[in-house]
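Below: the structure, in structure tokens.
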Amino acid sequence: VEPSAVPDQPSTSPADVLGFDPFDREFLRDPYARYREMSARGALFRTPGGLLVATTHELCSTLLRDPRFGRGPGGGPNRDPGQPVESFLWMDPPDHTRLRALVSRAFTPRMIERLRPRVEAVTAELIDALPEEADLVEGLAYPLPVTVISEMLGVPQEDSERFRGWSEILARGLDPMLTDDLVSETGRAGREFRDYFRELAALRRRRPGDDLLSALTQVRELTEPELLATCVLLLVAGHETTVNLIGNGVFHLVRHGLLGHAAQRPKQVVEEVLRYDPPVQLTSRVALEDAELGGVAVPKGAPVLAVIGAANRDPAVFPDPERFDVTREPGRHVAFGLGIHFCLGATLARMEGEIALSALASAAPGLELAVAAPPYKANVVLRGPARLPVRLRRTG
Ligand code: HEM
């Protein structure tokens, strides 16, 4: 086991280091029970393996916003030593600021709003094509965001099966404490993904199209490794996050008999799904200098885990937090993070989630789950059902 991004304690088990067992199926099915036990041990507590874990809204917010905490020189977890450059997700200012600015123009609310008719059309096509008995992950939750980000970047549809595999492996690679096998698999997927984008970027440089990749190839300040890392980041984010917002959303709405609300108040519904079962469950920072958090000294270089899934159910901020309540006033959930790394795709993800859930609720208001408990992906950081079998029970 590679204890990356956590204290160097090779003899300690992942569960001892992290405070939860990332390989436990029961934990993956319902991490919230374990989070409650963790927060009972303190807003910020030290695991037996020596890792600091923040479970409250207040401390997670401070961790994500306070400039004394950041990524540090180590980069992301499970980083491939042969990888020339990390994406800006894993950088601190000033490099983070420079690289994020280059792509952020494509993700402003105005630019995203221009995509709305296309997102609606893709959603309608996918829902029309769903058979009566369908897997909603395969048929809607996955292909919608994938089609949208692929079109934005200018990635040919016919290559989609190739980057589906790489993207899935890289998503798993976000998890802390992977086995050596998974770490080397992650390294290989990253290299193949960058090779793919190197070729495609060369094509677009010669013959630019009306897409983000073409635009980025024209930016002189961007080195080639930076360009490739940015493309991989956007494509993986587009493949592995919103799928879980839609999957988690359908599951909780139907389970609670609340699907109809998605057609009436899609914005509120999406915010409650993001709060209640966030697609990104946790992230981490290291102290960039000797610091203090919640009264605990955090020495320079020490990592701290921010458990988003726990912060979003903090009773100090959300009344009756364990209740899935789509009529709740949208509050201050941290599903998209906070501070300088606040999710660049938040406007896009919200729009996709709102359109998918409301269109499904209108087309199939009597939709039923075909299983009581869908299987979850084996990931800790990116949480969502692997499959979601349903019966549509469409009338017309
Ligand atoms: C960063 C969540 C969808 C692109 C983040 C972070 C979170 C997050 C929590 C911050 C991580 C940290 O601070 O360590 C989500 C969720 C999504 C979603 C819950 C879907 C519901 C997307 C989409 C895209 C995207 C669709 C783009 C296509 C990014 C990028 C960053 C980021 C580029 C890095 C920002 C930075 O480092 O400055 N996301 N994301 N995300 N997200 Fe998302």
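Just so we're on the same page: first chain in the structure tokens is A, next is B, and so on; residues restart at 1 for each chain, and ligands are numbered from 1 in the order they show up.
Backbone DSSP assigns strand (DSSP E or B) in range 164-364 of chain A to A:Val280, A:Leu282, A:Thr283, A:Ser284, A:Arg285, A:Val286, A:Ala287, A:Ala291, A:Glu292, A:Leu293, A:Val296, A:Ala297, A:Val298, A:Pro303, A:Val304, A:Leu305, A:Ala306, A:Val307.
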Could you list, as an mmCIF file with C-alpha atoms, in the first residue's frame, all protein and nucleic acid residues with an atom at most 6 Å from ligand 1, counting only C-alpha atoms and all ligand atoms?
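Written file, selection.cif:
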data_model
loop_
_atom_site.group_PDB
_atom_site.id
_atom_site.type_symbol
_atom_site.label_atom_id
_atom_site.label_comp_id
_atom_site.auth_asym_id
_atom_site.auth_seq_id
_atom_site.Cartn_x
_atom_site.Cartn_y
_atom_site.Cartn_z
ATOM 1 C CA PHE A 88 -3.756 23.284 -11.824
ATOM 2 C CA LEU A 89 -6.099 21.389 -9.493
ATOM 3 C CA ARG A 100 -6.874 28.595 -14.175
ATOM 4 C CA ILE A 149 -17.460 18.170 -22.258
ATOM 5 C CA LEU A 234 -11.259 18.903 -17.805
ATOM 6 C CA ALA A 237 -13.901 16.210 -14.367
ATOM 7 C CA GLY A 238 -16.494 16.127 -17.134
ATOM 8 C CA THR A 241 -18.498 14.048 -11.391
ATOM 9 C CA THR A 242 -21.819 15.155 -12.895
ATOM 10 C CA LEU A 245 -24.896 14.185 -9.294
ATOM 11 C CA PRO A 278 -21.997 15.139 -2.719
ATOM 12 C CA PRO A 279 -20.275 13.607 -5.782
ATOM 13 C CA VAL A 280 -16.881 14.734 -4.396
ATOM 14 C CA THR A 283 -10.301 16.657 -0.512
ATOM 15 C CA ALA A 335 -20.012 20.257 -2.599
ATOM 16 C CA PHE A 336 -18.003 22.377 -5.068
ATOM 17 C CA GLY A 337 -15.312 23.311 -2.556
ATOM 18 C CA ILE A 340 -9.281 29.515 -5.081
ATOM 19 C CA HIS A 341 -9.942 25.903 -6.167
ATOM 20 C CA PHE A 342 -13.742 26.335 -6.164
ATOM 21 C CA CYS A 343 -15.052 24.050 -8.900
ATOM 22 C CA LEU A 344 -14.559 25.628 -12.301
ATOM 23 C CA GLY A 345 -17.364 23.481 -13.725
ATOM 24 C CA ALA A 346 -19.979 24.298 -11.067
ATOM 25 C CA LEU A 348 -22.081 23.658 -16.046
ATOM 26 C CA ALA A 349 -22.660 20.787 -13.606
#
Using only C-alpha atoms, find each residue in range 196-277 of chain A having at least one atom no more than 8 Å away from range 153-170 of chain A; report its shortest atom-to-atom pair and that distance in Å (one decimal), rows by chain then rising number, as a Markdown table.
| residue | atom | partner | partner_atom | distance |
| --- | --- | --- | --- | --- |
| A:Gly209 | CA | A:Gly154 | CA | 7.7 |
| A:Asp210 | CA | A:Gly154 | CA | 7.8 |
| A:Asp211 | CA | A:Gly154 | CA | 5.1 |
| A:Leu212 | CA | A:Leu153 | CA | 4.7 |
| A:Leu213 | CA | A:Leu153 | CA | 5.2 |
| A:Ser214 | CA | A:Gly154 | CA | 7.7 |
| A:Cys231 | CA | A:Leu153 | CA | 7.8 |
| A:Leu235 | CA | A:Ser167 | CA | 7.6 |
| A:Val236 | CA | A:Ser167 | CA | 5.2 |
| A:His239 | CA | A:Ser167 | CA | 6.9 |
| A:Glu240 | CA | A:Glu168 | CA | 7.2 |
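Distances from A:Ala202, A:Ala378, A:Leu228, A:Leu136 to Leu28 in chain A were compared using only C-alpha atoms, and the smallest one belongs to A:Ala378.
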inquiry  = Taking 4 positions as the minimum chain separation for residues in the same chain, which residues sit within 7 Å of Asn244 in chain A when counting only C-alpha atoms? Answer as a ChimeraX atom specification.
reply    = /A:248,279,383-385
Once you have the residues from the selection above, write them out as a tab-separated table (two decimals), in the first residue's frame, restricted to N, CA and C atoms.
chain	number	residue	atom	x	y	z
A	248	ASN	N	-26.95	10.04	-8.13
A	248	ASN	CA	-27.36	10.20	-6.73
A	248	ASN	C	-28.73	10.89	-6.67
A	279	PRO	N	-21.08	14.44	-4.88
A	279	PRO	CA	-20.28	13.61	-5.78
A	279	PRO	C	-18.78	13.60	-5.43
A	383	ARG	N	-18.10	9.79	-5.38
A	383	ARG	CA	-19.12	8.85	-4.94
A	383	ARG	C	-20.35	8.85	-5.84
A	384	GLY	N	-20.76	7.66	-6.26
A	384	GLY	CA	-21.99	7.55	-7.04
A	384	GLY	C	-22.28	6.11	-7.38
A	385	PRO	N	-23.54	5.81	-7.77
A	385	PRO	CA	-23.88	4.43	-8.13
A	385	PRO	C	-23.17	4.01	-9.42
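Our summary of the geometry notes that CA of Arg275 in chain A is positioned 7.8 Å from CA of Gly309 in chain A.
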task = From a DSSP calculation on the backbone, collect every residue of range 249-284 of chain A in alpha helix (DSSP H) and output the set as a ChimeraX atom specification.
result = /A:249-255,259-264,266-276
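Minimum atom-to-atom distances from A:Leu274, A:Met351, A:Leu144, A:Ala262 to Arg313 in chain A were compared using only C-alpha atoms, and the lowest value belongs to A:Leu274.
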